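**Q** Structure file start_37.cif (mmCIF, C-alpha atoms) right here:
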```
data_input
#
loop_
_atom_site.group_PDB
_atom_site.id
_atom_site.type_symbol
_atom_site.label_atom_id
_atom_site.label_comp_id
_atom_site.auth_asym_id
_atom_site.auth_seq_id
_atom_site.Cartn_x
_atom_site.Cartn_y
_atom_site.Cartn_z
ATOM 1 C CA MET W 1 10.507 1.253 11.421
ATOM 2 C CA LEU W 2 13.773 -0.153 10.092
ATOM 3 C CA PRO W 3 15.062 2.233 7.401
ATOM 4 C CA VAL W 4 15.697 0.760 3.944
ATOM 5 C CA SER W 5 17.563 2.197 0.983
ATOM 6 C CA TRP W 6 15.513 4.005 -1.660
ATOM 7 C CA PHE W 7 15.638 1.113 -4.114
ATOM 8 C CA LYS W 8 14.104 -1.186 -1.487
ATOM 9 C CA ASN W 9 11.396 1.328 -0.608
ATOM 10 C CA ARG W 10 7.968 0.474 -1.994
ATOM 11 C CA ARG W 11 7.058 4.142 -2.433
ATOM 12 C CA PHE W 12 9.759 4.323 -5.097
ATOM 13 C CA TYR W 13 8.221 1.372 -6.978
ATOM 14 C CA GLN W 14 4.686 2.739 -6.599
ATOM 15 C CA ILE W 15 5.748 6.074 -8.107
ATOM 16 C CA LEU W 16 7.788 4.331 -10.815
ATOM 17 C CA THR W 17 4.805 2.188 -11.864
ATOM 18 C CA ALA W 18 2.381 5.104 -11.734
ATOM 19 C CA PHE W 19 4.701 6.958 -14.113
ATOM 20 C CA THR W 20 5.426 3.927 -16.342
ATOM 21 C CA ALA W 21 1.737 3.060 -16.738
ATOM 22 C CA ASN W 22 0.979 6.713 -17.582
ATOM 23 C CA PHE W 23 4.098 7.849 -19.386
ATOM 24 C CA GLN W 24 2.255 9.488 -22.322
ATOM 25 C CA LEU W 25 1.891 12.660 -20.262
ATOM 26 C CA PHE W 26 1.907 14.980 -23.281
ATOM 27 C CA ASN W 27 -1.512 13.505 -24.199
ATOM 28 C CA PHE W 28 -2.924 15.677 -21.421
ATOM 29 C CA ILE W 29 -1.879 18.718 -23.454
ATOM 30 C CA ALA W 30 -2.996 17.280 -26.799
ATOM 31 C CA ALA W 31 -6.286 15.996 -25.261
ATOM 32 C CA ARG W 32 -6.126 12.622 -26.955
ATOM 33 C CA LEU W 33 -5.927 8.977 -25.939
ATOM 34 C CA TYR W 34 -2.876 6.771 -26.374
ATOM 35 C CA THR W 35 -3.780 4.153 -28.990
ATOM 36 C CA GLY W 36 -0.417 2.419 -29.422
ATOM 37 C CA LYS W 37 0.554 -1.217 -29.245
ATOM 38 C CA LEU W 38 0.949 -1.341 -25.436
ATOM 39 C CA LYS W 39 -2.834 -1.114 -25.124
ATOM 40 C CA PHE W 40 -2.905 -4.747 -26.248
ATOM 41 C CA ILE W 41 -1.794 -5.566 -22.698
ATOM 42 C CA PRO W 42 -4.250 -5.610 -19.778
ATOM 43 C CA PHE W 43 -1.694 -4.582 -17.144
ATOM 44 C CA PRO W 44 -2.854 -5.906 -13.755
ATOM 45 C CA ILE W 45 -3.191 -2.647 -11.792
ATOM 46 C CA MET W 46 -6.097 -0.257 -11.224
ATOM 47 C CA ASN W 47 -5.298 2.372 -13.849
ATOM 48 C CA CYS W 48 -8.132 3.570 -16.096
ATOM 49 C CA TYR W 49 -7.537 3.229 -19.845
ATOM 50 C CA ALA W 50 -9.658 6.310 -20.466
ATOM 51 C CA CYS W 51 -6.873 8.389 -18.908
ATOM 52 C CA PRO W 52 -5.043 10.237 -21.725
ATOM 53 C CA ALA W 53 -1.637 9.229 -20.378
ATOM 54 C CA SER W 54 -2.474 5.562 -19.769
ATOM 55 C CA VAL W 55 -0.564 3.155 -22.009
ATOM 56 C CA PHE W 56 -2.073 -0.166 -20.885
ATOM 57 C CA ALA W 57 -5.575 -1.608 -20.886
ATOM 58 C CA CYS W 58 -7.438 -1.889 -17.572
ATOM 59 C CA PRO W 59 -7.765 -5.603 -16.656
ATOM 60 C CA ILE W 60 -11.133 -5.189 -14.935
ATOM 61 C CA GLY W 61 -12.616 -3.094 -17.765
ATOM 62 C CA THR W 62 -11.290 -5.607 -20.287
ATOM 63 C CA LEU W 63 -12.649 -8.586 -18.324
ATOM 64 C CA SER W 64 -16.089 -6.946 -18.201
ATOM 65 C CA HIS W 65 -15.914 -6.042 -21.886
ATOM 66 C CA PHE W 66 -15.295 -9.652 -22.908
ATOM 67 C CA LEU W 67 -18.261 -10.779 -20.830
ATOM 68 C CA VAL W 68 -20.426 -8.015 -22.339
ATOM 69 C CA ILE W 69 -19.608 -9.317 -25.833
ATOM 70 C CA SER W 70 -20.117 -12.916 -24.565
ATOM 71 C CA LYS W 71 -16.534 -14.074 -25.075
ATOM 72 C CA ILE W 72 -14.342 -15.968 -22.622
ATOM 73 C CA PRO W 73 -11.466 -13.631 -21.666
ATOM 74 C CA LEU W 74 -8.638 -16.184 -21.665
ATOM 75 C CA LEU W 75 -5.858 -13.623 -22.164
ATOM 76 C CA VAL W 76 -6.940 -11.436 -19.238
ATOM 77 C CA ILE W 77 -7.614 -14.409 -16.957
ATOM 78 C CA GLY W 78 -4.198 -15.805 -17.930
ATOM 79 C CA ILE W 79 -2.339 -12.563 -17.185
ATOM 80 C CA ILE W 80 -4.127 -11.994 -13.860
ATOM 81 C CA SER W 81 -3.660 -15.637 -12.776
ATOM 82 C CA ALA W 82 0.018 -15.727 -13.773
ATOM 83 C CA VAL W 83 0.756 -12.573 -11.782
ATOM 84 C CA ALA W 84 -1.466 -13.583 -8.849
ATOM 85 C CA SER W 85 -0.111 -17.134 -8.499
ATOM 86 C CA THR W 86 3.415 -15.728 -8.408
ATOM 87 C CA PHE W 87 3.042 -12.596 -6.316
ATOM 88 C CA GLY W 88 -0.390 -12.695 -4.604
ATOM 89 C CA ARG W 89 -1.350 -9.198 -3.395
ATOM 90 C CA TRP W 90 2.226 -7.952 -3.617
ATOM 91 C CA ILE W 91 1.041 -5.929 -6.647
ATOM 92 C CA CYS W 92 -1.461 -4.047 -4.442
ATOM 93 C CA GLY W 93 1.227 -3.041 -1.965
ATOM 94 C CA TRP W 94 4.094 -2.242 -4.273
ATOM 95 C CA VAL W 95 2.772 -1.394 -7.722
ATOM 96 C CA CYS W 96 -0.831 -0.138 -7.926
ATOM 97 C CA PRO W 97 -1.076 3.655 -8.517
ATOM 98 C CA PHE W 98 -4.514 3.899 -6.914
ATOM 99 C CA GLY W 99 -3.088 2.249 -3.798
ATOM 100 C CA LEU W 100 -0.343 4.891 -3.812
ATOM 101 C CA LEU W 101 -2.938 7.682 -3.929
ATOM 102 C CA GLN W 102 -4.800 6.192 -0.934
ATOM 103 C CA ASP W 103 -1.532 5.668 0.973
ATOM 104 C CA LEU W 104 -0.592 9.322 0.456
ATOM 105 C CA LEU W 105 -4.037 10.605 1.482
ATOM 106 C CA ASN W 106 -3.847 8.534 4.658
ATOM 107 C CA LYS W 107 -0.648 10.387 5.579
ATOM 108 C CA ILE W 108 -2.767 13.494 6.280
ATOM 109 C CA PRO W 109 -2.983 13.728 10.082
ATOM 110 C CA SER W 110 -6.524 12.850 11.133
ATOM 111 C CA ALA W 111 -8.636 10.652 13.382
ATOM 112 C CA GLU W 112 -8.638 7.023 12.339
ATOM 113 C CA ILE W 113 -11.825 5.105 11.563
ATOM 114 C CA LYS W 114 -11.752 1.312 11.834
ATOM 115 C CA PRO W 115 -14.641 -0.269 9.897
ATOM 116 C CA PRO W 116 -15.780 -3.800 10.838
ATOM 117 C CA GLU W 117 -13.708 -6.628 9.391
ATOM 118 C CA PHE W 118 -16.618 -8.343 7.581
ATOM 119 C CA LEU W 119 -16.765 -5.434 5.098
ATOM 120 C CA SER W 120 -13.627 -6.818 3.438
ATOM 121 C CA TYR W 121 -15.763 -9.623 1.962
ATOM 122 C CA PHE W 122 -17.686 -7.025 -0.059
ATOM 123 C CA LYS W 123 -14.897 -6.902 -2.629
ATOM 124 C CA TYR W 124 -15.735 -10.501 -3.599
ATOM 125 C CA VAL W 125 -19.389 -9.503 -3.989
ATOM 126 C CA PHE W 126 -18.339 -6.593 -6.244
ATOM 127 C CA LEU W 127 -16.136 -8.949 -8.268
ATOM 128 C CA ILE W 128 -18.801 -11.588 -8.798
ATOM 129 C CA LEU W 129 -21.735 -9.226 -9.335
ATOM 130 C CA LEU W 130 -20.394 -6.055 -10.978
ATOM 131 C CA VAL W 131 -17.488 -7.505 -12.950
ATOM 132 C CA ILE W 132 -18.738 -10.975 -13.919
ATOM 133 C CA LEU W 133 -22.463 -11.735 -13.596
ATOM 134 C CA LEU W 134 -24.219 -8.426 -14.329
ATOM 135 C CA PRO W 135 -22.024 -7.521 -17.369
ATOM 136 C CA PHE W 136 -22.560 -11.022 -18.779
ATOM 137 C CA PHE W 137 -26.347 -11.019 -18.369
ATOM 138 C CA PHE W 138 -27.204 -7.317 -18.845
ATOM 139 C CA LYS W 139 -24.423 -6.248 -21.249
ATOM 140 C CA GLU W 140 -23.221 -3.169 -19.376
ATOM 141 C CA HIS W 141 -19.901 -2.370 -17.673
ATOM 142 C CA TYR W 142 -21.325 -2.180 -14.176
ATOM 143 C CA PHE W 143 -18.071 -1.911 -12.245
ATOM 144 C CA CYS W 144 -16.863 0.956 -14.463
ATOM 145 C CA MET W 145 -20.058 2.778 -13.446
ATOM 146 C CA VAL W 146 -18.838 3.004 -9.846
ATOM 147 C CA CYS W 147 -15.061 2.828 -10.332
ATOM 148 C CA PRO W 148 -13.443 5.938 -8.805
ATOM 149 C CA THR W 149 -10.230 5.419 -10.787
ATOM 150 C CA GLY W 150 -11.925 6.354 -14.051
ATOM 151 C CA THR W 151 -13.455 9.504 -12.584
ATOM 152 C CA ILE W 152 -10.231 10.724 -11.003
ATOM 153 C CA GLU W 153 -7.832 9.835 -13.840
ATOM 154 C CA ALA W 154 -10.102 10.451 -16.804
ATOM 155 C CA GLY W 155 -13.637 11.748 -16.145
ATOM 156 C CA LEU W 156 -12.703 15.050 -14.510
ATOM 157 C CA TYR W 157 -10.059 15.732 -17.145
ATOM 158 C CA TRP W 158 -12.247 14.994 -20.186
ATOM 159 C CA VAL W 159 -15.158 17.049 -18.849
ATOM 160 C CA ALA W 160 -12.762 19.937 -18.206
ATOM 161 C CA VAL W 161 -11.125 19.966 -21.655
ATOM 162 C CA ASN W 162 -13.839 18.776 -24.033
ATOM 163 C CA SER W 163 -16.978 20.908 -24.402
ATOM 164 C CA MET W 164 -18.896 18.097 -26.129
ATOM 165 C CA ILE W 165 -18.251 15.740 -23.216
ATOM 166 C CA LEU W 166 -19.070 18.559 -20.781
ATOM 167 C CA ASN W 167 -22.465 18.980 -22.471
ATOM 168 C CA MET W 168 -23.136 15.229 -22.168
ATOM 169 C CA ALA W 169 -22.217 15.113 -18.471
ATOM 170 C CA GLY W 170 -25.286 14.819 -16.287
ATOM 171 C CA ALA W 171 -26.553 13.070 -13.177
ATOM 172 C CA PHE W 172 -24.466 9.959 -13.823
ATOM 173 C CA PHE W 173 -21.286 12.031 -13.959
ATOM 174 C CA LEU W 174 -22.211 13.735 -10.697
ATOM 175 C CA PHE W 175 -22.833 10.330 -9.142
ATOM 176 C CA LYS W 176 -19.381 9.183 -10.248
ATOM 177 C CA VAL W 177 -17.751 12.352 -8.917
ATOM 178 C CA ALA W 178 -19.566 11.882 -5.600
ATOM 179 C CA THR W 179 -18.417 8.233 -5.389
ATOM 180 C CA ALA W 180 -14.807 9.113 -6.194
ATOM 181 C CA SER W 181 -14.860 12.038 -3.746
ATOM 182 C CA ALA W 182 -16.194 9.742 -1.021
ATOM 183 C CA PHE W 183 -13.332 7.289 -1.591
ATOM 184 C CA LEU W 184 -10.756 10.070 -1.529
ATOM 185 C CA TYR W 185 -12.311 11.592 1.587
ATOM 186 C CA PHE W 186 -12.476 8.306 3.471
ATOM 187 C CA SER W 187 -8.902 7.454 2.442
ATOM 188 C CA VAL W 188 -7.815 10.192 4.860
ATOM 189 C CA PHE W 189 -9.512 8.419 7.806
ATOM 190 C CA ILE W 190 -9.472 4.764 6.728
ATOM 191 C CA LYS W 191 -6.401 2.978 5.428
ATOM 192 C CA ARG W 192 -6.950 1.976 1.783
ATOM 193 C CA PRO W 193 -10.784 1.816 1.761
ATOM 194 C CA PHE W 194 -11.020 0.990 -1.955
ATOM 195 C CA CYS W 195 -8.424 -1.820 -1.827
ATOM 196 C CA ARG W 196 -9.914 -3.389 1.292
ATOM 197 C CA TYR W 197 -13.623 -3.235 0.559
ATOM 198 C CA VAL W 198 -14.194 -2.722 -3.162
ATOM 199 C CA CYS W 199 -11.297 -3.569 -5.485
ATOM 200 C CA PRO W 200 -12.189 -6.614 -7.641
ATOM 201 C CA LEU W 201 -8.592 -6.964 -8.843
ATOM 202 C CA GLY W 202 -7.388 -7.092 -5.238
ATOM 203 C CA ALA W 203 -10.109 -9.690 -4.589
ATOM 204 C CA LEU W 204 -8.698 -11.854 -7.386
ATOM 205 C CA PHE W 205 -5.116 -11.424 -6.172
ATOM 206 C CA SER W 206 -6.073 -12.182 -2.575
ATOM 207 C CA LEU W 207 -7.319 -15.649 -3.559
ATOM 208 C CA PHE W 208 -3.697 -16.521 -4.372
ATOM 209 C CA ASN W 209 -2.030 -14.899 -1.326
ATOM 210 C CA LYS W 210 -1.474 -18.224 0.421
ATOM 211 C CA LEU W 211 -0.007 -19.809 -2.721
ATOM 212 C CA SER W 212 2.450 -17.164 -3.934
ATOM 213 C CA ILE W 213 6.242 -17.649 -3.934
ATOM 214 C CA VAL W 214 6.747 -15.595 -0.781
ATOM 215 C CA ASP W 215 5.314 -16.653 2.580
ATOM 216 C CA PHE W 216 5.366 -14.778 5.848
ATOM 217 C CA SER W 217 5.775 -16.479 9.192
ATOM 218 C CA VAL W 218 5.788 -15.244 12.784
ATOM 219 C CA ASP W 219 7.981 -16.625 15.533
ATOM 220 C CA ARG W 220 5.078 -17.076 17.985
ATOM 221 C CA LYS W 221 7.389 -17.951 20.880
ATOM 222 C CA ASN W 222 8.993 -14.513 20.768
ATOM 223 C CA CYS W 223 5.910 -12.506 19.690
ATOM 224 C CA ILE W 224 4.660 -10.299 22.518
ATOM 225 C CA GLU W 225 1.568 -9.201 20.550
ATOM 226 C CA CYS W 226 2.453 -5.543 20.992
ATOM 227 C CA GLY W 227 0.399 -4.493 17.949
ATOM 228 C CA LEU W 228 3.229 -2.680 16.156
ATOM 229 C CA CYS W 229 2.495 -4.791 13.054
ATOM 230 C CA LYS W 230 -1.103 -3.528 12.942
ATOM 231 C CA LYS W 231 -0.009 0.071 13.474
ATOM 232 C CA SER W 232 2.371 -0.094 10.504
ATOM 233 C CA CYS W 233 0.045 -2.176 8.298
ATOM 234 C CA PRO W 234 -1.747 -0.392 5.413
ATOM 235 C CA VAL W 235 -4.771 -2.656 5.933
ATOM 236 C CA ASP W 236 -4.759 -2.884 9.760
ATOM 237 C CA LEU W 237 -3.768 -6.554 10.103
ATOM 238 C CA PHE W 238 -2.347 -8.289 13.143
ATOM 239 C CA ILE W 239 0.254 -10.337 11.267
ATOM 240 C CA TYR W 240 0.591 -12.840 14.136
ATOM 241 C CA LYS W 241 -3.083 -13.839 13.761
ATOM 242 C CA ASP W 242 -2.646 -14.948 10.149
ATOM 243 C CA ALA W 243 0.745 -14.358 8.554
ATOM 244 C CA ASN W 244 -0.592 -15.096 5.067
ATOM 245 C CA SER W 245 -3.988 -13.447 5.351
ATOM 246 C CA LEU W 246 -6.050 -12.874 2.200
ATOM 247 C CA SER W 247 -6.002 -9.147 2.983
ATOM 248 C CA CYS W 248 -2.212 -8.840 3.372
ATOM 249 C CA LEU W 249 -0.720 -6.532 0.716
ATOM 250 C CA ARG W 250 2.826 -7.901 1.176
ATOM 251 C CA CYS W 251 4.084 -4.349 1.777
ATOM 252 C CA LEU W 252 6.737 -5.660 4.238
ATOM 253 C CA ASN W 253 6.013 -2.858 6.746
ATOM 254 C CA CYS W 254 5.519 -5.452 9.511
ATOM 255 C CA VAL W 255 8.825 -7.093 8.602
ATOM 256 C CA ARG W 256 10.473 -3.697 8.953
ATOM 257 C CA VAL W 257 8.974 -2.909 12.361
ATOM 258 C CA CYS W 258 9.134 -6.335 13.989
ATOM 259 C CA PRO W 259 12.053 -8.769 14.325
ATOM 260 C CA VAL W 260 9.813 -11.836 14.788
ATOM 261 C CA VAL W 261 8.090 -11.528 11.402
ATOM 262 C CA LYS W 262 9.973 -13.474 8.762
ATOM 263 C CA ILE W 263 9.826 -13.658 5.001
ATOM 264 C CA ASP W 264 10.031 -17.234 3.750
ATOM 265 C CA PHE W 265 11.043 -18.216 0.250
ATOM 266 C CA PRO W 266 10.007 -21.903 0.352
ATOM 267 C CA LEU W 267 11.352 -22.563 -3.138
ATOM 268 C CA VAL W 268 14.814 -21.396 -2.070
ATOM 269 C CA LYS W 269 16.987 -23.547 0.185
ATOM 270 C CA ASN W 270 17.378 -21.853 3.588
ATOM 271 C CA GLY W 271 15.245 -19.031 2.203
ATOM 272 C CA VAL W 272 14.084 -17.479 5.481
ATOM 273 C CA LYS W 273 14.909 -13.845 6.161
ATOM 274 C CA THR W 274 14.207 -11.169 8.709
ATOM 275 C CA LEU W 275 15.283 -7.667 7.804
ATOM 276 C CA HIS W 276 16.449 -7.159 11.377
ATOM 277 C CA SER W 277 18.951 -10.004 11.288
ATOM 278 C CA ARG W 278 21.083 -8.286 8.663
ATOM 279 C CA MET B 279 10.247 -27.915 2.980
ATOM 280 C CA GLN B 280 7.077 -29.014 4.782
ATOM 281 C CA LEU B 281 4.582 -31.177 2.910
ATOM 282 C CA LYS B 282 1.837 -28.540 3.235
ATOM 283 C CA THR B 283 4.106 -25.859 1.786
ATOM 284 C CA ARG B 284 5.224 -28.219 -0.954
ATOM 285 C CA ILE B 285 1.601 -28.943 -1.932
ATOM 286 C CA LYS B 286 0.805 -25.218 -1.945
ATOM 287 C CA LYS B 287 3.730 -24.465 -4.214
ATOM 288 C CA VAL B 288 2.816 -27.315 -6.576
ATOM 289 C CA VAL B 289 -0.734 -25.905 -6.805
ATOM 290 C CA ALA B 290 0.682 -22.405 -7.450
ATOM 291 C CA GLY B 291 2.999 -23.820 -10.139
ATOM 292 C CA GLY B 292 0.070 -25.643 -11.743
ATOM 293 C CA ILE B 293 -2.025 -22.466 -11.797
ATOM 294 C CA PHE B 294 0.887 -20.546 -13.272
ATOM 295 C CA LEU B 295 1.339 -23.083 -16.085
ATOM 296 C CA LEU B 296 -2.406 -23.048 -16.757
ATOM 297 C CA ALA B 297 -2.292 -19.231 -16.811
ATOM 298 C CA VAL B 298 0.541 -19.293 -19.368
ATOM 299 C CA LEU B 299 -1.512 -21.724 -21.461
ATOM 300 C CA PHE B 300 -4.497 -19.348 -21.255
ATOM 301 C CA ILE B 301 -2.285 -16.451 -22.397
ATOM 302 C CA VAL B 302 -0.985 -18.449 -25.372
ATOM 303 C CA VAL B 303 -4.481 -19.601 -26.372
ATOM 304 C CA GLY B 304 -5.805 -16.069 -25.865
ATOM 305 C CA VAL B 305 -3.113 -14.625 -28.123
ATOM 306 C CA LEU B 306 -3.756 -17.318 -30.747
ATOM 307 C CA ARG B 307 -7.467 -16.473 -30.647
ATOM 308 C CA ASP B 308 -6.578 -12.826 -31.402
ATOM 309 C CA GLU B 309 -7.954 -11.649 -28.080
ATOM 310 C CA ALA B 310 -5.240 -8.997 -27.939
ATOM 311 C CA TRP B 311 -7.005 -7.237 -30.845
ATOM 312 C CA THR B 312 -10.282 -7.240 -28.928
ATOM 313 C CA VAL B 313 -8.440 -5.823 -25.886
ATOM 314 C CA TRP B 314 -6.846 -3.104 -28.040
ATOM 315 C CA ASN B 315 -10.062 -2.249 -29.896
ATOM 316 C CA ASN B 316 -11.798 -1.744 -26.578
ATOM 317 C CA ALA B 317 -8.928 0.136 -24.918
ATOM 318 C CA LYS B 318 -8.131 2.555 -27.768
ATOM 319 C CA ILE B 319 -11.548 4.243 -27.659
ATOM 320 C CA LEU B 320 -12.688 6.566 -24.892
ATOM 321 C CA CYS B 321 -14.802 4.556 -22.445
ATOM 322 C CA LEU B 322 -17.823 6.774 -21.755
ATOM 323 C CA THR B 323 -18.906 4.630 -18.806
ATOM 324 C CA CYS B 324 -15.487 5.041 -17.179
ATOM 325 C CA ILE B 325 -15.641 8.826 -17.428
ATOM 326 C CA GLY B 326 -19.255 8.961 -16.245
ATOM 327 C CA ILE B 327 -21.132 9.967 -19.393
ATOM 328 C CA LYS B 328 -23.128 6.868 -20.382
#
```
Will you turn the file into structure tokens for me?
**A**
Amino acid sequence: MLPVSWFKNRRFYQILTAFTANFQLFNFIAARLYTGKLKFIPFPIMNCYACPASVFACPIGTLSHFLVISKIPLLVIGIISAVASTFGRWICGWVCPFGLLQDLLNKIPSAEIKPPEFLSYFKYVFLILLVILLPFFFKEHYFCMVCPTGTIEAGLYWVAVNSMILNMAGAFFLFKVATASAFLYFSVFIKRPFCRYVCPLGALFSLFNKLSIVDFSVDRKNCIECGLCKKSCPVDLFIYKDANSLSCLRCLNCVRVCPVVKIDFPLVKNGVKTLHSR
Amino acid sequence: MQLKTRIKKVVAGGIFLLAVLFIVVGVLRDEAWTVWNNAKILCLTCIGIK
């Protein structure tokens, strides 16, 4: 893979965002939630607002909450749509802290499992059912019930430090721990299982992947279909089959490994680049 | 720029403008307070209690 300087490396931005979205770290010691003004903002990443260090609101939790109280969530829809129409799933590849965790777990040497491709449509089912329809009709936050982010970032911590919460924890907590553990476990063998098959925010972003300001293209005449793109891809895509696939996280790994994959900036004159040409 | 790409970018621009409008209307409807009121309390569902 073509080396890039640290400020062009997505790992740097993933770590930076994980820290920025959770910069109230001393709240872990004080065992309290951040309640400041930044929590007005549903920041479009998977980062649970029940985490003591979290400074933003979770967009999926907020979306569900508005539907539970039978209000139209214009602000959240606006923020998600503005980001998605500009960047598509770039957020998933470069910014989301839960994506970072899965990326790091997948670095552990292990056998690789490749689930069938149709499973990636499940994230749209989760979005429509657990985030939109069921909360609206049955007035419960159904996606939060299965979301592993909340368990990992908040649930385990609060049960460990607060005896009252520990006493309230029962079968539902164990179910959440089991779900989160399963995601963490499978992240070792499957690249980004949560992002590919479950994440409702990724499902929303993916709808805009073909519209965002950056397009990918493949020089088919020079592509030898060697599969290097798939090997480097965090979601196992052959970029030459669909350069702007709904599943593509825009991580640019394929652009770094292959000279025939190009980044297009259609809004910029002569805005076609390959990293290898520089 | 190809016509198809141009159409795609016009659609994306339209969605972006609509999204900005939604944000403005949302802020004017005090939705940010609802977001904050929900986010400032410990979500028991998120942590697996209720």
**Q** Within 7 Å of (2.2, 2.8, -20.8) (coordinates as in the file), grab all the protein and nucleic acid residues, counting all atoms listed in the file, and write them out as a PyMOL selection string.
**A** chain W and resi 20-24+38+54-56
**Q** With 9 Å as the threshold, what does the neighbourhood of (-8.2, 1.7, 9.0) contain in terms of residues, counting all atoms listed in the file? Coordinates are those of the file; answer as an mmCIF file with C-alpha atoms, keeping the file's coordinate frame.
**A**
```cif
data_model
loop_
_atom_site.group_PDB
_atom_site.id
_atom_site.type_symbol
_atom_site.label_atom_id
_atom_site.label_comp_id
_atom_site.auth_asym_id
_atom_site.auth_seq_id
_atom_site.Cartn_x
_atom_site.Cartn_y
_atom_site.Cartn_z
ATOM 1 C CA GLU W 112 -8.638 7.023 12.339
ATOM 2 C CA ILE W 113 -11.825 5.105 11.563
ATOM 3 C CA LYS W 114 -11.752 1.312 11.834
ATOM 4 C CA PRO W 115 -14.641 -0.269 9.897
ATOM 5 C CA SER W 187 -8.902 7.454 2.442
ATOM 6 C CA PHE W 189 -9.512 8.419 7.806
ATOM 7 C CA ILE W 190 -9.472 4.764 6.728
ATOM 8 C CA LYS W 191 -6.401 2.978 5.428
ATOM 9 C CA ARG W 192 -6.950 1.976 1.783
ATOM 10 C CA PRO W 193 -10.784 1.816 1.761
ATOM 11 C CA PRO W 234 -1.747 -0.392 5.413
ATOM 12 C CA VAL W 235 -4.771 -2.656 5.933
ATOM 13 C CA ASP W 236 -4.759 -2.884 9.760
#
```
**Q** Please compute the atom CA of Arg307 of chain B-atom CA of Leu75 of chain W distance, one decimal, in Å.
**A**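 Between atom CA of Arg307 of chain B and atom CA of Leu75 of chain W the gap works out to 9.1 Å.
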**Q** Which value, in Å to one decimal, gives the distance between atom CA of Leu74 of chain W and atom CA of Gln14 of chain W?
**A** 27.6 Å
**Q** Distance atom CA of Ala243 of chain W-atom CA of Val214 of chain W, one decimal place?
**A** 11.2 Å
**Q** Would you mind listing, for every residue of chain W within 8 Å of chain B, the two atoms forming the shortest contact and the distance between them in Å to one decimal, using all atoms listed in the file, sorted by chain and ascending residue number, as CSV?
**A**
```
residue,atom,partner,partner_atom,distance
W:Leu33,CA,B:Lys318,CA,7.0
W:Tyr34,CA,B:Lys318,CA,6.9
W:Thr35,CA,B:Lys318,CA,4.8
W:Gly36,CA,B:Lys318,CA,7.9
W:Lys37,CA,B:Trp314,CA,7.7
W:Lys39,CA,B:Trp314,CA,5.3
W:Phe40,CA,B:Trp314,CA,4.6
W:Ile41,CA,B:Ala310,CA,7.1
W:Pro42,CA,B:Val313,CA,7.4
W:Cys48,CA,B:Cys324,CA,7.6
W:Tyr49,CA,B:Ala317,CA,6.1
W:Ala50,CA,B:Leu320,CA,5.4
W:Phe56,CA,B:Ala317,CA,8.0
W:Ala57,CA,B:Ala317,CA,5.5
W:Cys58,CA,B:Ala317,CA,7.8
W:Thr62,CA,B:Val313,CA,6.3
W:His65,CA,B:Asn316,CA,7.6
W:Pro73,CA,B:Gly304,CA,7.5
W:Leu74,CA,B:Gly304,CA,5.1
W:Leu75,CA,B:Gly304,CA,4.4
W:Val76,CA,B:Ile301,CA,7.5
W:Ile77,CA,B:Ala297,CA,7.2
W:Gly78,CA,B:Ala297,CA,4.1
W:Ile79,CA,B:Ile301,CA,6.5
W:Ser81,CA,B:Ala297,CA,5.6
W:Ala82,CA,B:Phe294,CA,4.9
W:Ser85,CA,B:Ala290,CA,5.4
W:Thr86,CA,B:Ala290,CA,7.3
W:His141,CA,B:Thr323,CA,7.2
W:Cys144,CA,B:Cys324,CA,5.1
W:Met145,CA,B:Thr323,CA,5.8
W:Cys147,CA,B:Cys324,CA,7.2
W:Gly150,CA,B:Cys324,CA,4.9
W:Thr151,CA,B:Ile325,CA,5.4
W:Ala154,CA,B:Ile325,CA,5.8
W:Gly155,CA,B:Ile325,CA,3.8
W:Leu156,CA,B:Ile325,CA,7.5
W:Trp158,CA,B:Ile325,CA,7.6
W:Ile165,CA,B:Ile327,CA,7.5
W:Met168,CA,B:Ile327,CA,6.3
W:Ala169,CA,B:Ile327,CA,5.3
W:Gly170,CA,B:Ile327,CA,7.1
W:Phe172,CA,B:Gly326,CA,5.8
W:Phe173,CA,B:Gly326,CA,4.3
W:Leu174,CA,B:Gly326,CA,7.9
W:Lys176,CA,B:Gly326,CA,6.0
W:Phe208,CA,B:Ala290,CA,8.0
W:Lys210,CA,B:Lys286,CA,7.7
W:Leu211,CA,B:Ala290,CA,5.4
W:Ser212,CA,B:Ala290,CA,6.6
W:Ile213,CA,B:Lys287,CA,7.3
W:Pro266,CA,B:Met279,CA,6.6
W:Leu267,CA,B:Lys287,CA,7.9
```
**Q** Can you tell me, as number ranges by chain, what residues are no more than 6 Å from segment 203-205 of chain W when counting all atoms listed in the file, ignoring any on the same chain fewer than 5 positions away?
**A** W: 84, 88-89, 123-124
